[in-house]
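Trainee: Before we start, here is the structure in question, set down as structure tokens.
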Amino acid sequence: MAGKPILHYFDGRARMESIRWLLAAAGVEFEEKFMKTREDLEKLRKDGSLMFQQVPMVEIDGMKLVQTRAILNYIAAKYNLYGKDIKERALIDMYSEGMTDLNEMVLLYPYLPSRDKDGRLTQIKEKSRNRYFPAFEKVLKSHGQDYLVGNRLSKADVHLTELLYHTEELDSTVLANFPLLKALRTRVSNLPTMKKFLQPGSQRKPFDDEKCVESVKKIFS
Ligand SMILES: N[C@@H](CCC(=O)N[C@@H](CS)C(=O)NCC(=O)O)C(=O)O
């Protein structure tokens, strides 16, 4: 039997968090190896584990996968979270790419210099409320089903749920006008695998605080 996937990253959310969420949704146990120093990163680079000298890297099924989206797509395909045909897959990809555009802003926010933070926060709120959340609310309203695509859970629902939680941490009223998004978040959060992941003590990461940001700067400086 294949061993558990091993996630190589630092002890923070940033680009690895979506991978943690998706594995959790699929009910897959995973191990993590946290880089703590620049030497830890250099070691991975020198032994040829990082194709582009970057993390996230995930050891899974005998491969050392890099590039966040490639990793997510592999997990989604393997665990049936990627639609039933190429049309569903196209929708899942399209929705997920939109989510990634917003998520990039959210996940990089803690790493911005203080002078840029207010502007970025305003941008996140504006884009959430006026561009991305209305679009996904409209999808759910258009078909009246429980999940975004094909009436069953896909990676798009998992990414959106993660994004809703993380955006709400930055703006507690951001979901006020999106009842269907709130209902989706509740539905996904109540899946047994997600319930476990959302409980304290799971491998879910908290907001990347100043301490995390400082240690990350040392690793990548
Ligand atoms: N497109 C890549 C970007 C990966 C990336 O930028 N990783 C950062 C850490 S979050 C990194 O390794 N930076 C070091 C470098 O680029 O040399 C992905 O999505 O995985």
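Every chain in the structure tokens has a letter given in the order shown (A, B, ...), and although residue numbers restart at 1 in each chain, ligands are simply numbered from 1 in the order shown.
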May I ask you to write as a list of chain:residue names all residues lying at most 8 Å from ligand 1, with only C-alpha atoms and all ligand atoms counted?

Mentor: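 The residues within 8 Å of ligand 1, counting only C-alpha atoms and all ligand atoms, are A:Tyr9, A:Ala14, A:Arg15, A:Met16, A:Phe52, A:Gln53, A:Gln54, A:Val55, A:Pro56, A:Met57, A:Val66, A:Gln67, A:Thr68, A:Arg69, A:Phe220.
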
Trainee: For Gln199 in chain A, work out the shell of residues within 12 Å, counting only C-alpha atoms and skipping chain neighbours fewer than 5 positions away, then give it as a list in words.

Mentor: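 Everything that qualifies: Ala24, Ser189, Asn190, Pro192, Thr193, Met194, Arg204, Lys205 and Pro206 of chain A.
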
Trainee: With distances taken over only C-alpha atoms, which residue among A:Lys196, A:Glu137, A:Leu50, A:Leu175 lies nearest Val28 in chain A?

Mentor: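 Smallest separation from Val28 in chain A among the options: A:Lys196.
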
Trainee: In Å, with one decimal, what is the gap from CA of Arg152 in chain A to CA of Leu107 in chain A?

Mentor: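 Separating CA of Arg152 in chain A from CA of Leu107 in chain A is a distance of 26.9 Å.
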
Trainee: Write out as a VMD selection string the residues lying within 9 Å of range 156-169 of chain A, counting only C-alpha atoms and excluding same-chain residues fewer than 4 positions away.

Mentor: chain A and resid 17 to 18 21 to 22 25 81 to 82 91 to 93 95 to 96 99 to 100 102 to 103 106 to 107 124 to 125 128 133 136 147 to 149 173 to 175 181 to 182 184 to 186 188 to 189 207

Trainee: Quick one: distance from CA of Ile60 in chain A to CA of Ile6 in chain A in Å, one decimal?

Mentor: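 CA of Ile6 in chain A lies at a distance of 6.8 Å from CA of Ile60 in chain A.
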
Trainee: Quick one: everything within 8 Å of Glu31 in chain A, counting only C-alpha atoms, minus sequence neighbours fewer than 4 positions away in the same chain. Send it as a VMD selection string.

Mentor: chain A and resid 4 to 7

Trainee: Nearest to Leu121 in chain A among A:Tyr79, A:Leu41, A:Asp171, A:Lys46, with distances taken over only C-alpha atoms: which residue is it?

Mentor: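 The shortest atom-to-atom distance to Leu121 in chain A comes from A:Asp171.
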
Trainee: I want to know what sits within 9 Å of Met51 in chain A, based on only C-alpha atoms, with residues of the same chain fewer than 4 positions away left out; could you give that as a list in words?

Mentor: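 My list of contacting residues is Arg45, Lys64, Leu65 and Val66 of chain A.
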
Trainee: I need the residues from that last selection saved to file as a PDB file, in the first residue's frame (with all heavy atoms), if you can.

Mentor:
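The file below, part-v5.pdb, is the result:
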ATOM      1  N   ARG A  45      16.741  21.635  -2.472  1.00  0.00           N
ATOM      2  CA  ARG A  45      17.158  22.081  -3.810  1.00  0.00           C
ATOM      3  C   ARG A  45      18.345  21.251  -4.295  1.00  0.00           C
ATOM      4  O   ARG A  45      18.367  20.794  -5.438  1.00  0.00           O
ATOM      5  CB  ARG A  45      17.536  23.564  -3.775  1.00  0.00           C
ATOM      6  CG  ARG A  45      16.334  24.488  -3.712  1.00  0.00           C
ATOM      7  CD  ARG A  45      16.765  25.931  -3.561  1.00  0.00           C
ATOM      8  NE  ARG A  45      15.650  26.860  -3.751  1.00  0.00           N
ATOM      9  CZ  ARG A  45      15.674  28.131  -3.395  1.00  0.00           C
ATOM     10  NH1 ARG A  45      16.743  28.640  -2.827  1.00  0.00           N
ATOM     11  NH2 ARG A  45      14.621  28.905  -3.620  1.00  0.00           N
ATOM     12  N   LYS A  64       7.588  13.347  -6.939  1.00  0.00           N
ATOM     13  CA  LYS A  64       7.813  14.564  -6.159  1.00  0.00           C
ATOM     14  C   LYS A  64       7.193  15.703  -6.962  1.00  0.00           C
ATOM     15  O   LYS A  64       7.801  16.226  -7.891  1.00  0.00           O
ATOM     16  CB  LYS A  64       9.309  14.799  -5.952  1.00  0.00           C
ATOM     17  CG  LYS A  64       9.917  13.793  -4.979  1.00  0.00           C
ATOM     18  CD  LYS A  64      11.370  14.060  -4.688  1.00  0.00           C
ATOM     19  CE  LYS A  64      11.835  13.059  -3.633  1.00  0.00           C
ATOM     20  NZ  LYS A  64      13.265  13.196  -3.326  1.00  0.00           N
ATOM     21  N   LEU A  65       5.965  16.030  -6.635  1.00  0.00           N
ATOM     22  CA  LEU A  65       5.220  17.016  -7.417  1.00  0.00           C
ATOM     23  C   LEU A  65       5.444  18.430  -6.894  1.00  0.00           C
ATOM     24  O   LEU A  65       5.379  18.663  -5.682  1.00  0.00           O
ATOM     25  CB  LEU A  65       3.721  16.714  -7.373  1.00  0.00           C
ATOM     26  CG  LEU A  65       3.212  15.445  -8.067  1.00  0.00           C
ATOM     27  CD1 LEU A  65       1.684  15.374  -7.943  1.00  0.00           C
ATOM     28  CD2 LEU A  65       3.606  15.420  -9.539  1.00  0.00           C
ATOM     29  N   VAL A  66       5.690  19.355  -7.826  1.00  0.00           N
ATOM     30  CA  VAL A  66       5.683  20.780  -7.498  1.00  0.00           C
ATOM     31  C   VAL A  66       4.648  21.465  -8.385  1.00  0.00           C
ATOM     32  O   VAL A  66       4.049  20.817  -9.239  1.00  0.00           O
ATOM     33  CB  VAL A  66       7.076  21.439  -7.702  1.00  0.00           C
ATOM     34  CG1 VAL A  66       8.082  20.894  -6.716  1.00  0.00           C
ATOM     35  CG2 VAL A  66       7.574  21.277  -9.139  1.00  0.00           C
TER      36      VAL A  66
END

Trainee: Enumerate, in order of chain and increasing residue number, the residues of range 93-157 of chain A with an atom no farther than 10 Å from range 209-214 of chain A, each with its shortest atom pair and distance in Å to one decimal, counting only C-alpha atoms, as a tab-separated table.

Mentor:
residue	atom	partner	partner_atom	distance
A:Pro110	CA	A:Asp209	CA	7.0
A:Tyr111	CA	A:Val213	CA	6.2
A:Leu112	CA	A:Val213	CA	9.5

Trainee: How far is it from CA of Leu153 in chain A to CA of Ile71 in chain A, in Å with one decimal?

Mentor: 18.2 Å

Trainee: Applying 12 Å and only C-alpha atoms, which residues near Asn151 in chain A remain after dropping the ones on its own chain fewer than 6 positions away? List them as a PyMOL selection string.

Mentor: chain A and resi 81+83-84+88+139-140+143-145+157+184

Trainee: Apply DSSP to the backbone of this structure and, from range 23-160 of chain A, keep only the residues in strand (DSSP E or B); write these as a list in words.

Mentor: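 DSSP-assigned strand (DSSP E or B) residues in range 23-160 of chain A: Glu31, Glu32, Lys33, Phe34, Met57, Val58, Glu59, Ile60, Met63, Lys64, Leu65 and Val66 of chain A.
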